[in-house]
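Listing of start_27.cif; format and content: mmCIF, C-alpha atoms.
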```
data_structure
#
loop_
_atom_site.group_PDB
_atom_site.id
_atom_site.type_symbol
_atom_site.label_atom_id
_atom_site.label_comp_id
_atom_site.auth_asym_id
_atom_site.auth_seq_id
_atom_site.Cartn_x
_atom_site.Cartn_y
_atom_site.Cartn_z
ATOM 1 C CA MET U 2 -48.686 26.842 10.211
ATOM 2 C CA LYS U 3 -47.856 23.466 11.808
ATOM 3 C CA SER U 4 -47.490 19.956 10.495
ATOM 4 C CA GLU U 5 -48.505 16.735 12.225
ATOM 5 C CA ILE U 6 -46.906 13.306 11.943
ATOM 6 C CA MET U 7 -48.912 10.084 11.657
ATOM 7 C CA THR U 8 -47.015 6.794 11.944
ATOM 8 C CA LYS U 9 -48.261 3.515 10.464
ATOM 9 C CA GLU U 10 -46.741 0.116 11.192
ATOM 10 C CA ASN U 11 -46.489 -2.908 8.886
ATOM 11 C CA TYR U 12 -47.772 -0.737 6.092
ATOM 12 C CA PRO U 13 -48.418 -2.442 2.726
ATOM 13 C CA TYR U 14 -46.561 -0.315 0.192
ATOM 14 C CA ARG U 15 -46.689 -0.795 -3.555
ATOM 15 C CA ALA U 16 -43.472 -0.136 -5.424
ATOM 16 C CA ALA U 17 -41.600 -1.689 -8.340
ATOM 17 C CA GLY U 18 -44.709 -3.660 -9.315
ATOM 18 C CA ARG U 19 -44.974 -5.435 -5.963
ATOM 19 C CA VAL U 20 -46.317 -4.820 -2.513
ATOM 20 C CA TRP U 21 -43.830 -4.517 0.333
ATOM 21 C CA HIS U 22 -44.366 -4.562 4.041
ATOM 22 C CA ILE U 23 -42.858 -1.460 5.523
ATOM 23 C CA PRO U 24 -42.262 -1.877 9.276
ATOM 24 C CA ARG U 25 -42.844 1.810 9.994
ATOM 25 C CA ILE U 26 -43.773 4.666 7.735
ATOM 26 C CA GLU U 27 -44.540 8.302 8.512
ATOM 27 C CA PHE U 28 -47.191 10.465 6.915
ATOM 28 C CA LEU U 29 -47.363 14.204 7.431
ATOM 29 C CA THR U 30 -50.218 16.628 7.495
ATOM 30 C CA GLY U 31 -48.940 19.724 5.745
ATOM 31 C CA PRO U 32 -49.736 23.322 6.676
ATOM 32 C CA ASP U 33 -52.662 23.349 4.262
ATOM 33 C CA GLY U 34 -54.178 20.265 5.941
ATOM 34 C CA THR U 35 -53.121 17.861 3.176
ATOM 35 C CA LEU U 36 -51.984 14.394 4.234
ATOM 36 C CA GLY U 37 -48.898 13.212 2.399
ATOM 37 C CA ILE U 38 -45.548 11.484 2.568
ATOM 38 C CA SER U 39 -42.372 13.537 2.514
ATOM 39 C CA GLY U 40 -39.599 13.240 -0.020
ATOM 40 C CA LEU U 41 -37.233 12.343 2.821
ATOM 41 C CA GLU U 42 -39.469 9.484 3.990
ATOM 42 C CA LEU U 43 -39.929 8.290 0.408
ATOM 43 C CA GLU U 44 -36.166 8.191 -0.008
ATOM 44 C CA ARG U 45 -35.778 6.143 3.178
ATOM 45 C CA VAL U 46 -38.449 3.635 2.104
ATOM 46 C CA HIS U 47 -37.335 3.436 -1.514
ATOM 47 C CA LYS U 48 -33.695 2.855 -0.605
ATOM 48 C CA ALA U 49 -34.733 -0.075 1.598
ATOM 49 C CA ILE U 50 -36.763 -1.534 -1.287
ATOM 50 C CA ALA U 51 -33.952 -0.901 -3.752
ATOM 51 C CA ASN U 52 -31.512 -2.653 -1.430
ATOM 52 C CA GLU U 53 -33.763 -5.712 -1.345
ATOM 53 C CA ILE U 54 -34.244 -5.696 -5.123
ATOM 54 C CA CYS U 55 -30.530 -5.370 -5.794
ATOM 55 C CA GLY U 56 -29.574 -8.043 -3.301
ATOM 56 C CA ASN U 57 -32.180 -10.726 -3.895
ATOM 57 C CA GLY U 58 -30.422 -12.643 -6.647
ATOM 58 C CA GLU U 59 -33.446 -12.656 -8.958
ATOM 59 C CA PRO U 60 -33.444 -11.208 -12.476
ATOM 60 C CA LEU U 61 -34.451 -7.558 -12.599
ATOM 61 C CA SER U 62 -38.037 -6.989 -13.751
ATOM 62 C CA GLY U 63 -39.247 -4.184 -16.008
ATOM 63 C CA ASP U 64 -41.071 -2.537 -13.121
ATOM 64 C CA GLU U 65 -37.924 -2.708 -11.027
ATOM 65 C CA ILE U 66 -35.895 -0.953 -13.740
ATOM 66 C CA GLU U 67 -38.390 1.895 -13.804
ATOM 67 C CA PHE U 68 -38.424 2.040 -10.013
ATOM 68 C CA LEU U 69 -34.633 2.147 -9.772
ATOM 69 C CA CYS U 70 -34.405 4.819 -12.497
ATOM 70 C CA GLY U 71 -36.964 7.000 -10.734
ATOM 71 C CA THR U 72 -35.389 6.557 -7.325
ATOM 72 C CA SER U 73 -31.970 7.409 -8.765
ATOM 73 C CA ALA U 74 -33.435 10.285 -10.857
ATOM 74 C CA LEU U 75 -31.808 8.790 -13.957
ATOM 75 C CA SER U 76 -33.261 8.382 -17.438
ATOM 76 C CA PHE U 77 -32.999 5.157 -19.432
ATOM 77 C CA SER U 78 -30.499 6.894 -21.713
ATOM 78 C CA GLU U 79 -28.223 7.826 -18.823
ATOM 79 C CA VAL U 80 -28.330 4.347 -17.322
ATOM 80 C CA ALA U 81 -27.698 2.799 -20.727
ATOM 81 C CA ALA U 82 -24.736 5.079 -21.430
ATOM 82 C CA GLN U 83 -23.131 4.395 -18.059
ATOM 83 C CA CYS U 84 -23.668 0.624 -18.272
ATOM 84 C CA GLY U 85 -22.584 0.219 -21.890
ATOM 85 C CA PHE U 86 -26.040 -0.477 -23.331
ATOM 86 C CA ASN U 87 -28.204 1.644 -25.565
ATOM 87 C CA ARG U 88 -31.564 3.036 -24.583
ATOM 88 C CA ALA U 89 -33.387 0.522 -26.779
ATOM 89 C CA ASN U 90 -32.020 -2.297 -24.579
ATOM 90 C CA ILE U 91 -33.522 -0.775 -21.470
ATOM 91 C CA SER U 92 -36.839 -0.016 -23.208
ATOM 92 C CA TYR U 93 -36.940 -3.595 -24.542
ATOM 93 C CA TRP U 94 -36.356 -5.044 -21.058
ATOM 94 C CA ARG U 95 -38.963 -2.703 -19.624
ATOM 95 C CA LYS U 96 -41.546 -3.905 -22.158
ATOM 96 C CA LYS U 97 -40.501 -7.546 -22.065
ATOM 97 C CA GLY U 98 -40.783 -7.477 -18.283
ATOM 98 C CA ALA U 99 -37.410 -8.933 -17.363
ATOM 99 C CA VAL U 100 -33.678 -8.532 -17.864
ATOM 100 C CA ASN U 101 -31.336 -11.452 -18.472
ATOM 101 C CA ASP U 102 -29.194 -12.582 -15.532
ATOM 102 C CA ARG U 103 -25.901 -11.123 -16.754
ATOM 103 C CA ASP U 104 -27.261 -7.660 -17.450
ATOM 104 C CA SER U 105 -29.384 -7.817 -14.304
ATOM 105 C CA SER U 106 -26.269 -8.271 -12.253
ATOM 106 C CA LEU U 107 -24.571 -5.306 -13.894
ATOM 107 C CA LEU U 108 -27.611 -3.063 -13.555
ATOM 108 C CA LYS U 109 -28.153 -4.054 -9.948
ATOM 109 C CA ARG U 110 -24.554 -3.230 -9.034
ATOM 110 C CA PHE U 111 -24.844 0.064 -10.904
ATOM 111 C CA PHE U 112 -28.034 1.116 -9.148
ATOM 112 C CA TRP U 113 -26.854 -0.053 -5.744
ATOM 113 C CA VAL U 114 -23.745 2.093 -6.043
ATOM 114 C CA GLN U 115 -25.827 5.016 -7.310
ATOM 115 C CA LEU U 116 -28.059 4.846 -4.257
ATOM 116 C CA PHE U 117 -25.593 3.830 -1.566
ATOM 117 C CA SER U 118 -22.291 5.341 -2.650
ATOM 118 C CA ALA U 119 -22.352 7.782 0.238
ATOM 119 C CA GLU U 120 -22.751 4.921 2.720
ATOM 120 C CA ILE U 121 -20.175 2.521 1.319
ATOM 121 C CA ALA U 122 -17.408 3.983 3.479
ATOM 122 C CA THR U 123 -19.420 3.276 6.599
ATOM 123 C CA LEU U 124 -19.942 -0.427 5.888
ATOM 124 C CA HIS U 125 -18.242 -2.932 8.197
ATOM 125 C CA SER U 126 -15.279 -4.997 7.015
ATOM 126 C CA VAL U 127 -17.382 -8.063 6.312
ATOM 127 C CA ASN U 128 -19.363 -6.105 3.731
ATOM 128 C CA VAL U 129 -16.188 -4.792 2.144
ATOM 129 C CA ARG U 130 -14.816 -8.337 1.897
ATOM 130 C CA MET U 131 -17.984 -9.336 0.102
ATOM 131 C CA LEU U 132 -17.495 -6.533 -2.399
ATOM 132 C CA LEU U 133 -13.880 -7.572 -2.963
ATOM 133 C CA SER U 134 -14.952 -11.164 -3.419
ATOM 134 C CA GLU U 135 -17.450 -10.040 -6.071
ATOM 135 C CA LYS U 136 -14.662 -8.213 -7.873
ATOM 136 C CA ASP U 137 -12.397 -11.271 -7.742
ATOM 137 C CA MET U 138 -15.172 -13.432 -9.099
ATOM 138 C CA LEU U 139 -15.727 -11.118 -12.048
ATOM 139 C CA SER U 140 -12.016 -11.012 -12.707
ATOM 140 C CA ALA U 141 -11.846 -14.836 -12.741
ATOM 141 C CA LEU U 142 -14.817 -15.024 -15.097
ATOM 142 C CA ARG U 143 -13.172 -12.545 -17.426
ATOM 143 C CA ASP U 144 -9.964 -14.647 -17.580
ATOM 144 C CA GLU U 145 -11.967 -17.850 -18.045
ATOM 145 C CA ALA U 146 -13.961 -16.327 -20.939
ATOM 146 C CA ILE U 147 -10.684 -15.436 -22.692
ATOM 147 C CA ARG U 148 -9.288 -18.944 -22.100
ATOM 148 C CA GLU U 149 -12.441 -20.506 -23.536
ATOM 149 C CA ASP U 150 -12.460 -18.210 -26.607
ATOM 150 C CA ILE U 151 -15.779 -16.717 -25.628
ATOM 151 C CA THR U 152 -14.181 -13.324 -26.040
ATOM 152 C CA PHE U 153 -10.670 -11.940 -26.590
ATOM 153 C CA GLU U 154 -8.223 -9.986 -24.503
ATOM 154 C CA VAL U 155 -7.902 -6.262 -24.833
ATOM 155 C CA LYS U 156 -5.453 -3.946 -23.149
ATOM 156 C CA LEU U 157 -5.557 -0.268 -22.367
ATOM 157 C CA ALA U 158 -4.201 1.867 -25.183
ATOM 158 C CA ARG U 159 -1.077 3.745 -24.217
ATOM 159 C CA ALA U 160 -1.658 7.467 -23.849
ATOM 160 C CA SER U 161 -0.113 9.339 -26.749
ATOM 161 C CA MET H 13 -41.244 43.547 -0.405
ATOM 162 C CA ALA H 14 -42.931 41.975 -3.412
ATOM 163 C CA SER H 15 -46.565 40.921 -3.062
ATOM 164 C CA LEU H 16 -47.657 37.310 -3.491
ATOM 165 C CA GLN H 17 -49.203 38.401 -6.784
ATOM 166 C CA GLU H 18 -45.828 39.644 -8.015
ATOM 167 C CA LEU H 19 -43.923 36.700 -6.609
ATOM 168 C CA ARG H 20 -46.269 34.258 -8.331
ATOM 169 C CA VAL H 21 -45.256 35.251 -11.828
ATOM 170 C CA GLN H 22 -41.723 36.481 -11.184
ATOM 171 C CA VAL H 23 -40.110 33.727 -9.138
ATOM 172 C CA ASN H 24 -38.795 30.534 -10.689
ATOM 173 C CA TRP H 25 -40.765 28.267 -8.403
ATOM 174 C CA LEU H 26 -39.318 25.087 -9.834
ATOM 175 C CA ASP H 27 -35.885 26.293 -8.797
ATOM 176 C CA ARG H 28 -37.252 26.965 -5.315
ATOM 177 C CA LEU H 29 -38.869 23.506 -5.252
ATOM 178 C CA GLN H 30 -35.606 21.860 -6.216
ATOM 179 C CA SER H 31 -33.763 23.585 -3.392
ATOM 180 C CA LEU H 32 -36.492 22.843 -0.851
ATOM 181 C CA ASN H 33 -35.584 20.487 1.985
ATOM 182 C CA ARG H 34 -36.869 17.014 1.056
ATOM 183 C CA ALA H 35 -38.571 16.787 4.435
ATOM 184 C CA GLY H 36 -40.843 19.622 3.343
ATOM 185 C CA CYS H 37 -41.760 18.262 -0.077
ATOM 186 C CA LEU H 38 -44.786 15.962 0.135
ATOM 187 C CA VAL H 39 -46.587 13.638 -2.221
ATOM 188 C CA VAL H 40 -50.245 13.791 -1.283
ATOM 189 C CA LYS H 41 -51.695 10.537 0.077
ATOM 190 C CA HIS H 42 -54.048 9.079 -2.452
ATOM 191 C CA GLU H 43 -56.826 6.547 -1.917
ATOM 192 C CA PRO H 44 -56.774 3.875 -3.093
ATOM 193 C CA ASP H 45 -53.003 3.838 -2.656
ATOM 194 C CA ASP H 46 -52.329 0.698 -4.704
ATOM 195 C CA THR H 47 -52.709 2.130 -8.207
ATOM 196 C CA SER H 48 -49.768 2.052 -10.582
ATOM 197 C CA ARG H 49 -50.069 5.800 -11.220
ATOM 198 C CA TYR H 50 -49.839 6.659 -7.523
ATOM 199 C CA GLU H 51 -46.984 4.201 -7.197
ATOM 200 C CA ARG H 52 -45.206 6.042 -10.011
ATOM 201 C CA ALA H 53 -45.961 9.452 -8.482
ATOM 202 C CA ARG H 54 -44.131 8.469 -5.284
ATOM 203 C CA THR H 55 -41.310 6.686 -7.019
ATOM 204 C CA GLN H 56 -40.633 9.349 -9.613
ATOM 205 C CA LEU H 57 -40.543 12.364 -7.254
ATOM 206 C CA PRO H 58 -36.718 12.677 -7.374
ATOM 207 C CA PHE H 59 -36.817 12.353 -11.170
ATOM 208 C CA VAL H 60 -39.633 14.917 -11.495
ATOM 209 C CA LEU H 61 -37.882 17.453 -9.275
ATOM 210 C CA LYS H 62 -34.615 17.046 -11.145
ATOM 211 C CA ARG H 63 -35.964 17.017 -14.720
ATOM 212 C CA SER H 64 -39.109 19.130 -14.869
ATOM 213 C CA HIS H 65 -39.694 22.327 -16.806
ATOM 214 C CA ILE H 66 -42.001 24.891 -15.249
ATOM 215 C CA LEU H 67 -45.176 25.535 -17.258
ATOM 216 C CA GLY H 68 -46.869 28.208 -15.167
ATOM 217 C CA THR H 69 -48.284 29.233 -11.819
ATOM 218 C CA ARG H 70 -51.661 30.187 -10.373
ATOM 219 C CA PHE H 71 -53.090 30.891 -6.936
ATOM 220 C CA SER H 72 -54.324 27.769 -5.154
ATOM 221 C CA VAL H 73 -58.100 27.733 -5.026
ATOM 222 C CA GLY H 74 -59.136 28.193 -1.409
ATOM 223 C CA HIS H 75 -55.601 29.023 -0.262
ATOM 224 C CA GLU H 76 -55.033 32.209 -2.249
ATOM 225 C CA ASP H 77 -53.377 34.140 0.557
ATOM 226 C CA TYR H 78 -50.496 31.753 1.151
ATOM 227 C CA ALA H 79 -50.279 29.081 -1.554
ATOM 228 C CA ILE H 80 -49.326 28.951 -5.225
ATOM 229 C CA ASP H 81 -49.864 26.040 -7.599
ATOM 230 C CA VAL H 82 -46.938 25.295 -9.885
ATOM 231 C CA ALA H 83 -47.482 23.196 -13.030
ATOM 232 C CA CYS H 84 -44.480 21.257 -14.393
ATOM 233 C CA TRP H 85 -43.719 18.746 -17.096
ATOM 234 C CA CYS H 86 -40.805 16.419 -17.859
ATOM 235 C CA GLN H 87 -40.113 13.501 -20.140
ATOM 236 C CA SER H 88 -40.482 10.072 -18.575
ATOM 237 C CA PRO H 89 -37.270 8.111 -17.865
ATOM 238 C CA SER H 90 -37.854 6.106 -21.056
ATOM 239 C CA GLY H 91 -38.039 9.348 -23.071
ATOM 240 C CA ARG H 92 -40.684 7.970 -25.409
ATOM 241 C CA ALA H 93 -44.013 7.474 -23.661
ATOM 242 C CA CYS H 94 -46.201 10.153 -22.117
ATOM 243 C CA GLY H 95 -44.257 12.580 -19.993
ATOM 244 C CA PHE H 96 -45.032 13.454 -16.382
ATOM 245 C CA PHE H 97 -47.387 16.419 -15.872
ATOM 246 C CA THR H 98 -47.324 17.437 -12.212
ATOM 247 C CA VAL H 99 -48.733 20.213 -10.068
ATOM 248 C CA PHE H 100 -47.164 21.237 -6.769
ATOM 249 C CA ARG H 101 -48.890 23.393 -4.163
ATOM 250 C CA VAL H 102 -46.217 25.635 -2.724
ATOM 251 C CA ILE H 103 -46.916 27.055 0.725
ATOM 252 C CA THR H 104 -45.256 30.422 0.915
ATOM 253 C CA GLN H 105 -45.600 34.051 1.761
ATOM 254 C CA THR H 106 -42.135 34.927 0.539
ATOM 255 C CA SER H 107 -39.987 33.795 -2.378
ATOM 256 C CA ALA H 108 -38.483 31.079 -0.138
ATOM 257 C CA PRO H 109 -41.117 28.360 0.387
ATOM 258 C CA SER H 110 -40.938 25.954 3.308
ATOM 259 C CA TRP H 111 -43.489 23.402 2.089
ATOM 260 C CA ALA H 112 -44.703 21.969 -1.183
ATOM 261 C CA THR H 113 -47.155 19.185 -1.954
ATOM 262 C CA MET H 114 -47.352 17.316 -5.243
ATOM 263 C CA PHE H 115 -51.088 16.745 -5.599
ATOM 264 C CA CYS H 116 -51.391 16.027 -9.331
ATOM 265 C CA PHE H 117 -49.421 13.451 -11.332
ATOM 266 C CA TRP H 118 -50.527 12.602 -14.856
ATOM 267 C CA ASP H 119 -48.599 10.110 -16.954
ATOM 268 C CA GLY H 120 -51.252 8.837 -19.365
ATOM 269 C CA THR H 121 -52.180 5.828 -17.210
ATOM 270 C CA ASP H 122 -55.423 5.324 -15.254
ATOM 271 C CA SER H 123 -57.193 7.498 -17.851
ATOM 272 C CA SER H 124 -55.031 10.508 -16.948
ATOM 273 C CA PRO H 125 -54.065 12.911 -19.756
ATOM 274 C CA CYS H 126 -50.962 12.193 -21.809
ATOM 275 C CA PHE H 127 -48.591 14.980 -22.828
ATOM 276 C CA ARG H 128 -45.699 13.981 -25.047
ATOM 277 C CA GLY H 129 -43.976 17.360 -25.081
ATOM 278 C CA THR H 130 -43.579 20.647 -23.241
ATOM 279 C CA ASP H 131 -45.663 22.579 -25.776
ATOM 280 C CA SER H 132 -48.810 20.486 -25.407
ATOM 281 C CA ALA H 133 -48.423 20.400 -21.631
ATOM 282 C CA LYS H 134 -47.970 24.167 -21.477
ATOM 283 C CA ALA H 135 -50.976 24.801 -23.736
ATOM 284 C CA TYR H 136 -53.108 22.699 -21.411
ATOM 285 C CA ALA H 137 -51.754 24.434 -18.289
ATOM 286 C CA LEU H 138 -52.498 27.882 -19.724
ATOM 287 C CA GLN H 139 -56.052 26.763 -20.502
ATOM 288 C CA GLN H 140 -56.405 25.803 -16.841
ATOM 289 C CA GLY H 141 -55.502 29.278 -15.623
ATOM 290 C CA PHE H 142 -51.777 28.899 -15.093
ATOM 291 C CA GLU H 143 -49.679 31.887 -16.137
ATOM 292 C CA GLU H 144 -46.157 31.803 -17.454
ATOM 293 C CA VAL H 145 -43.355 32.911 -15.173
ATOM 294 C CA THR H 146 -41.928 36.145 -16.598
ATOM 295 C CA ASN H 147 -38.882 37.580 -14.908
ATOM 296 C CA GLU H 148 -37.009 35.668 -12.306
ATOM 297 C CA ILE H 149 -36.070 37.608 -9.158
#
```
If you convert what's in this file into structure tokens, what do you get?
Amino acid sequence: MKSEIMTKENYPYRAAGRVWHIPRIEFLTGPDGTLGISGLELERVHKAIANEICGNGEPLSGDEIEFLCGTSALSFSEVAAQCGFNRANISYWRKKGAVNDRDSSLLKRFFWVQLFSAEIATLHSVNVRMLLSEKDMLSALRDEAIREDITFEVKLARAS
Amino acid sequence: MASLQELRVQVNWLDRLQSLNRAGCLVVKHEPDDTSRYERARTQLPFVLKRSHILGTRFSVGHEDYAIDVACWCQSPSGRACGFFTVFRVITQTSAPSWATMFCFWDGTDSSPCFRGTDSAKAYALQQGFEEVTNEI
């Protein structure tokens, strides 16, 4: 039983509530004659879309949250627990259609790391500097928020 | 060596699906391909493979000598709305499949059925001729 590959170029692909142009996408004809797209190809395409979503600077939409959860194989509860929200927050954003800027930024960083953690070590130095710069920026914002009484300082509890 | 008939009800096919190479696990191409349900079917494949419970198996109509249909269900990522009812066609003549195609994805949208729990999904699957997996080998 053999499979055949069919390549399409500039393929309009709907994901995360939008249509994306995929430069090249492969479909397979399976041994039973069914035309489909493989899990490996879906992962390749979805990671490219996720990278664009996470890096575009726009607030995360409800469709994008669902897309990123599915692509990462994570439930709302798991994302919420790991990001310090509760599931109701995620469900609310999903229904409302958008996430506020601050939580968008956190969620985008979380999902990007979920999807690209294996590749981080292979990034060039310029990308690493960008990541460090992001960390420094967050650190400065934290200190500024304490100075402006927006929040208060906490320290790690000493291990007993 | 076990027959396909024996393998069908004895093997945990979901386990085999989960360990299948991703290059050999397809989502069937659907036309039109711009519906939200088809979009979700493609997007949620990793979630479905990771989270599903197996409901039952049956021989694939027209492909009885080498293919088995496997019905599965899992909660959606939100955990509240309709879950995902899926059917995979597993191409196999042994207990180690090399190909599988997800050709059914129901999530309650586009007039597709809505199953909120494993019990209702399993009851439906059994009505459709799927049989429960008995003893894993």
**Report entry** Hits of the PyMOL selection byres ((chain H) within 10 of (chain U)) in this structure, as a PyMOL selection string
**Finding:** chain H and resi 33-42+45-48+50-63+74-75+78-79+87-92+101-103+110-115
Requested write-out: C-alpha atoms of the selected residues, as a tab-separated table (two decimals), keeping the file's coordinate frame:
```
chain	number	residue	atom	x	y	z
H	33	ASN	CA	-35.58	20.49	1.98
H	34	ARG	CA	-36.87	17.01	1.06
H	35	ALA	CA	-38.57	16.79	4.43
H	36	GLY	CA	-40.84	19.62	3.34
H	37	CYS	CA	-41.76	18.26	-0.08
H	38	LEU	CA	-44.79	15.96	0.14
H	39	VAL	CA	-46.59	13.64	-2.22
H	40	VAL	CA	-50.24	13.79	-1.28
H	41	LYS	CA	-51.70	10.54	0.08
H	42	HIS	CA	-54.05	9.08	-2.45
H	45	ASP	CA	-53.00	3.84	-2.66
H	46	ASP	CA	-52.33	0.70	-4.70
H	47	THR	CA	-52.71	2.13	-8.21
H	48	SER	CA	-49.77	2.05	-10.58
H	50	TYR	CA	-49.84	6.66	-7.52
H	51	GLU	CA	-46.98	4.20	-7.20
H	52	ARG	CA	-45.21	6.04	-10.01
H	53	ALA	CA	-45.96	9.45	-8.48
H	54	ARG	CA	-44.13	8.47	-5.28
H	55	THR	CA	-41.31	6.69	-7.02
H	56	GLN	CA	-40.63	9.35	-9.61
H	57	LEU	CA	-40.54	12.36	-7.25
H	58	PRO	CA	-36.72	12.68	-7.37
H	59	PHE	CA	-36.82	12.35	-11.17
H	60	VAL	CA	-39.63	14.92	-11.50
H	61	LEU	CA	-37.88	17.45	-9.28
H	62	LYS	CA	-34.62	17.05	-11.14
H	63	ARG	CA	-35.96	17.02	-14.72
H	74	GLY	CA	-59.14	28.19	-1.41
H	75	HIS	CA	-55.60	29.02	-0.26
H	78	TYR	CA	-50.50	31.75	1.15
H	79	ALA	CA	-50.28	29.08	-1.55
H	87	GLN	CA	-40.11	13.50	-20.14
H	88	SER	CA	-40.48	10.07	-18.58
H	89	PRO	CA	-37.27	8.11	-17.86
H	90	SER	CA	-37.85	6.11	-21.06
H	91	GLY	CA	-38.04	9.35	-23.07
H	92	ARG	CA	-40.68	7.97	-25.41
H	101	ARG	CA	-48.89	23.39	-4.16
H	102	VAL	CA	-46.22	25.64	-2.72
H	103	ILE	CA	-46.92	27.06	0.72
H	110	SER	CA	-40.94	25.95	3.31
H	111	TRP	CA	-43.49	23.40	2.09
H	112	ALA	CA	-44.70	21.97	-1.18
H	113	THR	CA	-47.16	19.18	-1.95
H	114	MET	CA	-47.35	17.32	-5.24
H	115	PHE	CA	-51.09	16.74	-5.60
```
Query raised in the report: Using the chain letters and numbers from the file, which residues does the PyMOL selection byres ((chain H and resi 120-127) around 7) grab, as a VMD selection string?
Result: chain H and resid 49 94 to 95 118 to 119 128 to 129 132 to 133
Query raised in the report: Of the candidates U:Met7, U:Val46, U:Cys84, U:Ala99, which one gets nearest to U:His22 if we count all atoms listed in the file?
Result: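 Of U:Met7, U:Val46, U:Cys84, U:Ala99, the one nearest U:His22 is U:Val46, counting all atoms listed in the file.
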Query raised in the report: How far is it from atom CA of H:Asn24 to atom CA of H:Pro109, in Å with one decimal?
Result: 11.5 Å
Requested in this report: Taking the file as shown, find all residues satisfying the PyMOL selection byres ((chain H and resi 137) around 10) and write them as a VMD selection string.
Outcome: chain H and resid 67 to 70 82 to 85 97 99 131 to 136 138 to 144
Query raised in the report: When you draw a straight line from atom CA of U:Lys96 to atom CA of U:Ile66, how long is it in Å?
Result: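 Separating atom CA of U:Lys96 from atom CA of U:Ile66 is a distance of 10.6 Å.
Here atom CA of H:Val23 stands at a distance of 6.9 Å from atom CA of H:Val145.
Considering only C-alpha atoms, the residue among U:Asn90, U:Arg25, U:Lys48, U:Lys97 positioned nearest to U:Gly63 is U:Lys97.
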Is there a way to complete stretch 98-113 of chain U with N, CA and C atoms and then write that out as a compact mmCIF listing (two decimals), keeping the file's coordinate frame?
```txt
# COMPACT_ATOMS: atom_id res chain seq x y z
N GLY U 98 -40.46 -7.17 -19.68
CA GLY U 98 -40.78 -7.48 -18.28
C GLY U 98 -39.65 -8.05 -17.47
N ALA U 99 -38.53 -8.37 -18.12
CA ALA U 99 -37.41 -8.93 -17.36
C ALA U 99 -36.09 -8.70 -18.10
N VAL U 100 -35.04 -8.69 -17.33
CA VAL U 100 -33.68 -8.53 -17.86
C VAL U 100 -32.96 -9.87 -17.70
N ASN U 101 -32.09 -10.20 -18.63
CA ASN U 101 -31.34 -11.45 -18.47
C ASN U 101 -30.40 -11.36 -17.26
N ASP U 102 -29.96 -12.52 -16.78
CA ASP U 102 -29.19 -12.58 -15.53
C ASP U 102 -27.93 -11.73 -15.57
N ARG U 103 -27.19 -11.82 -16.69
CA ARG U 103 -25.90 -11.12 -16.75
C ARG U 103 -26.10 -9.61 -16.66
N ASP U 104 -27.04 -9.11 -17.46
CA ASP U 104 -27.26 -7.66 -17.45
C ASP U 104 -27.98 -7.21 -16.18
N SER U 105 -28.77 -8.12 -15.61
CA SER U 105 -29.38 -7.82 -14.30
C SER U 105 -28.32 -7.55 -13.27
N SER U 106 -27.33 -8.40 -13.25
CA SER U 106 -26.27 -8.27 -12.25
C SER U 106 -25.55 -6.94 -12.40
N LEU U 107 -25.26 -6.58 -13.64
CA LEU U 107 -24.57 -5.31 -13.89
C LEU U 107 -25.45 -4.13 -13.47
N LEU U 108 -26.70 -4.17 -13.88
CA LEU U 108 -27.61 -3.06 -13.56
C LEU U 108 -27.83 -2.95 -12.04
N LYS U 109 -27.95 -4.09 -11.40
CA LYS U 109 -28.15 -4.05 -9.95
C LYS U 109 -26.96 -3.44 -9.25
N ARG U 110 -25.76 -3.81 -9.65
CA ARG U 110 -24.55 -3.23 -9.03
C ARG U 110 -24.50 -1.73 -9.30
N PHE U 111 -24.86 -1.36 -10.54
CA PHE U 111 -24.84 0.06 -10.90
C PHE U 111 -25.81 0.86 -10.02
N PHE U 112 -27.03 0.37 -9.93
CA PHE U 112 -28.03 1.12 -9.15
C PHE U 112 -27.69 1.13 -7.66
N TRP U 113 -27.18 0.00 -7.17
CA TRP U 113 -26.85 -0.05 -5.74
C TRP U 113 -25.79 1.00 -5.42
```
